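So this block is query.cif, mmCIF, C-alpha atoms:
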```cif
data_work
#
loop_
_atom_site.group_PDB
_atom_site.id
_atom_site.type_symbol
_atom_site.label_atom_id
_atom_site.label_comp_id
_atom_site.auth_asym_id
_atom_site.auth_seq_id
_atom_site.Cartn_x
_atom_site.Cartn_y
_atom_site.Cartn_z
ATOM 1 C CA MET A 1 0.000 0.000 0.000
ATOM 2 C CA THR A 2 1.118 3.515 -0.678
ATOM 3 C CA GLU A 3 0.536 6.564 1.450
ATOM 4 C CA GLY A 4 -3.090 7.437 1.957
ATOM 5 C CA GLY A 5 -4.180 3.795 1.899
ATOM 6 C CA ARG A 6 -4.288 3.585 -1.901
ATOM 7 C CA PRO A 7 -3.014 0.415 -3.547
ATOM 8 C CA GLY A 8 0.114 1.123 -5.564
ATOM 9 C CA THR A 9 2.569 -0.484 -7.882
ATOM 10 C CA ASP A 10 5.675 -1.965 -6.270
ATOM 11 C CA VAL A 11 8.669 -0.398 -7.999
ATOM 12 C CA GLY A 12 11.475 -2.206 -6.147
ATOM 13 C CA GLY A 13 12.134 -4.581 -9.024
ATOM 14 C CA GLY A 14 11.986 -1.655 -11.426
ATOM 15 C CA HIS A 15 14.806 0.087 -9.576
ATOM 16 C CA ILE A 16 16.940 -3.049 -9.788
ATOM 17 C CA GLY A 17 16.107 -3.460 -13.479
ATOM 18 C CA VAL A 18 17.006 0.130 -14.377
ATOM 19 C CA SER A 19 20.271 -0.175 -12.391
ATOM 20 C CA VAL A 20 21.263 -3.326 -14.280
ATOM 21 C CA THR A 21 20.299 -1.650 -17.552
ATOM 22 C CA ILE A 22 22.507 1.367 -16.804
ATOM 23 C CA ILE A 23 25.433 -0.907 -15.901
ATOM 24 C CA ALA A 24 24.902 -2.894 -19.114
ATOM 25 C CA LEU A 25 24.845 0.342 -21.146
ATOM 26 C CA ILE A 26 28.144 1.412 -19.560
ATOM 27 C CA VAL A 27 29.690 -1.966 -20.412
ATOM 28 C CA ILE A 28 28.367 -1.814 -23.978
ATOM 29 C CA THR A 29 29.779 1.695 -24.401
ATOM 30 C CA SER A 30 33.192 0.727 -23.036
ATOM 31 C CA LEU A 31 33.520 -2.459 -25.120
ATOM 32 C CA SER A 32 32.044 -1.343 -28.418
ATOM 33 C CA ASP A 33 30.769 1.604 -30.375
ATOM 34 C CA PRO A 34 28.524 3.999 -28.365
ATOM 35 C CA ARG A 35 25.968 3.652 -31.163
ATOM 36 C CA TRP A 36 24.947 0.245 -29.755
ATOM 37 C CA ALA A 37 24.355 1.753 -26.325
ATOM 38 C CA LEU A 38 22.129 4.397 -27.922
ATOM 39 C CA ILE A 39 20.206 1.734 -29.819
ATOM 40 C CA THR A 40 19.714 -0.294 -26.631
ATOM 41 C CA ALA A 41 18.642 2.761 -24.635
ATOM 42 C CA GLY A 42 16.282 3.730 -27.455
ATOM 43 C CA CYS A 43 14.674 0.294 -27.358
ATOM 44 C CA PHE A 44 14.045 0.589 -23.623
ATOM 45 C CA GLY A 45 12.680 4.099 -24.111
ATOM 46 C CA ALA A 46 10.364 2.933 -26.889
ATOM 47 C CA TRP A 47 9.147 0.028 -24.748
ATOM 48 C CA PHE A 48 8.422 2.458 -21.894
ATOM 49 C CA LEU A 49 6.435 4.765 -24.189
ATOM 50 C CA VAL A 50 4.442 1.855 -25.646
ATOM 51 C CA ALA A 51 3.672 0.565 -22.140
ATOM 52 C CA LEU A 52 2.642 4.064 -21.045
ATOM 53 C CA ALA A 53 0.378 4.486 -24.071
ATOM 54 C CA VAL A 54 -1.277 1.117 -23.476
ATOM 55 C CA ILE A 55 -1.838 1.906 -19.809
ATOM 56 C CA ILE A 56 -3.285 5.341 -20.541
ATOM 57 C CA PHE A 57 -5.461 4.509 -23.533
ATOM 58 C CA VAL A 58 -6.498 0.907 -22.914
ATOM 59 C CA ARG A 59 -6.581 0.635 -19.135
ATOM 60 C CA GLY A 60 -7.578 4.214 -18.401
ATOM 61 C CA GLY A 61 -4.601 5.001 -16.184
ATOM 62 C CA ASN A 62 -3.606 8.555 -15.418
ATOM 63 C CA GLY A 63 -0.882 10.568 -13.755
ATOM 64 C CA ARG A 64 1.808 9.145 -11.560
ATOM 65 C CA GLU A 65 0.254 5.697 -11.278
ATOM 66 C CA ALA A 66 0.355 5.263 -15.068
ATOM 67 C CA VAL A 67 4.048 6.213 -15.117
ATOM 68 C CA ARG A 68 4.726 3.798 -12.235
ATOM 69 C CA ARG A 69 2.986 0.951 -14.054
ATOM 70 C CA ALA A 70 4.895 1.667 -17.278
ATOM 71 C CA TYR A 71 8.161 1.798 -15.277
ATOM 72 C CA VAL A 72 7.429 -1.591 -13.747
ATOM 73 C CA ALA A 73 6.374 -2.993 -17.138
ATOM 74 C CA THR A 74 9.701 -1.859 -18.601
ATOM 75 C CA PHE A 75 12.137 -2.585 -15.779
ATOM 76 C CA GLY A 76 10.205 -4.858 -13.407
ATOM 77 C CA TRP A 77 12.193 -7.864 -14.569
ATOM 78 C CA GLY A 78 14.701 -6.833 -11.891
ATOM 79 C CA ASP A 79 12.625 -8.830 -9.414
ATOM 80 C CA TYR A 80 13.696 -12.018 -11.187
ATOM 81 C CA ILE A 81 17.440 -11.477 -10.852
ATOM 82 C CA THR A 82 17.532 -10.912 -7.092
ATOM 83 C CA PRO A 83 17.590 -13.753 -4.561
#
```
Final structure tokens representation of the file:
Amino acid sequence: MTEGGRPGTDVGGGHIGVSVTIIALIVITSLSDPRWALITAGCFGAWFLVALAVIIFVRGGNGREAVRRAYVATFGWGDYITP
């Protein structure tokens, strides 16, 4: 539950996922051409925007909760890499 007793989206896994993504982008940039890091970051950005659009238009989400849900849809896989 979030403040005010409203149910919310758990973003803990999203934080882990975005951290791993940033580390992977740094490794990609250091080992190869920065163009590949930009392509990878662009793919994650596009996925986030698609998830946000689906949440807003299909599910009727709005405001901060829609952004939270799109964040978790994009980076929530971080829950699966932690013990």
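Taking atom CA of Ile22 of chain A and atom CA of Leu49 of chain A as endpoints, the distance between them is 18.0 Å.
Every protein or nucleic acid residue with an atom no more than 12 Å from segment 44-47 of chain A, counting only C-alpha atoms and leaving out same-chain residues fewer than 3 positions away, appears here: Gly17, Val18, Thr21, Ile22, Leu25, Ala37, Leu38, Ile39, Thr40, Ala41, Val50, Ala51, Leu52, Ala53, Val54, Ala70, Tyr71, Val72, Ala73, Thr74 and Phe75 of chain A.
Distances to Asp79 of chain A were evaluated for A:Arg35, A:His15, A:Arg59, A:Arg64 using all atoms listed in the file, and the minimum falls at A:His15.
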Take atom CA of Ser32 of chain A and atom CA of Ser19 of chain A and report the distance between them in Å, one decimal.
-> 19.9 Å
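Minimum atom-to-atom distance to Ile81 of chain A, evaluated using all atoms listed in the file, belongs to A:Val20 out of A:Val20, A:Cys43, A:Val11, A:Val58.
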Enclose the full set of atoms of segment 16-28 of chain A listed in the file within a box whose edges lie along x, y and z, apply 6 Å of padding to each of the six sides, and report centre and edge lengths in Å to one decimal as AutoDock Vina command-line options.
```
--center_x 22.9 --center_y -1.0 --center_z -16.9 --size_x 25.6 --size_y 16.9 --size_z 26.2
```
May I ask which of the residues A:Ile55, A:Leu31, A:Gly63, A:Phe48 is the closest one to Gly76 of chain A, counting only C-alpha atoms?
->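 For Gly76 of chain A, the nearest of the candidates is A:Phe48.
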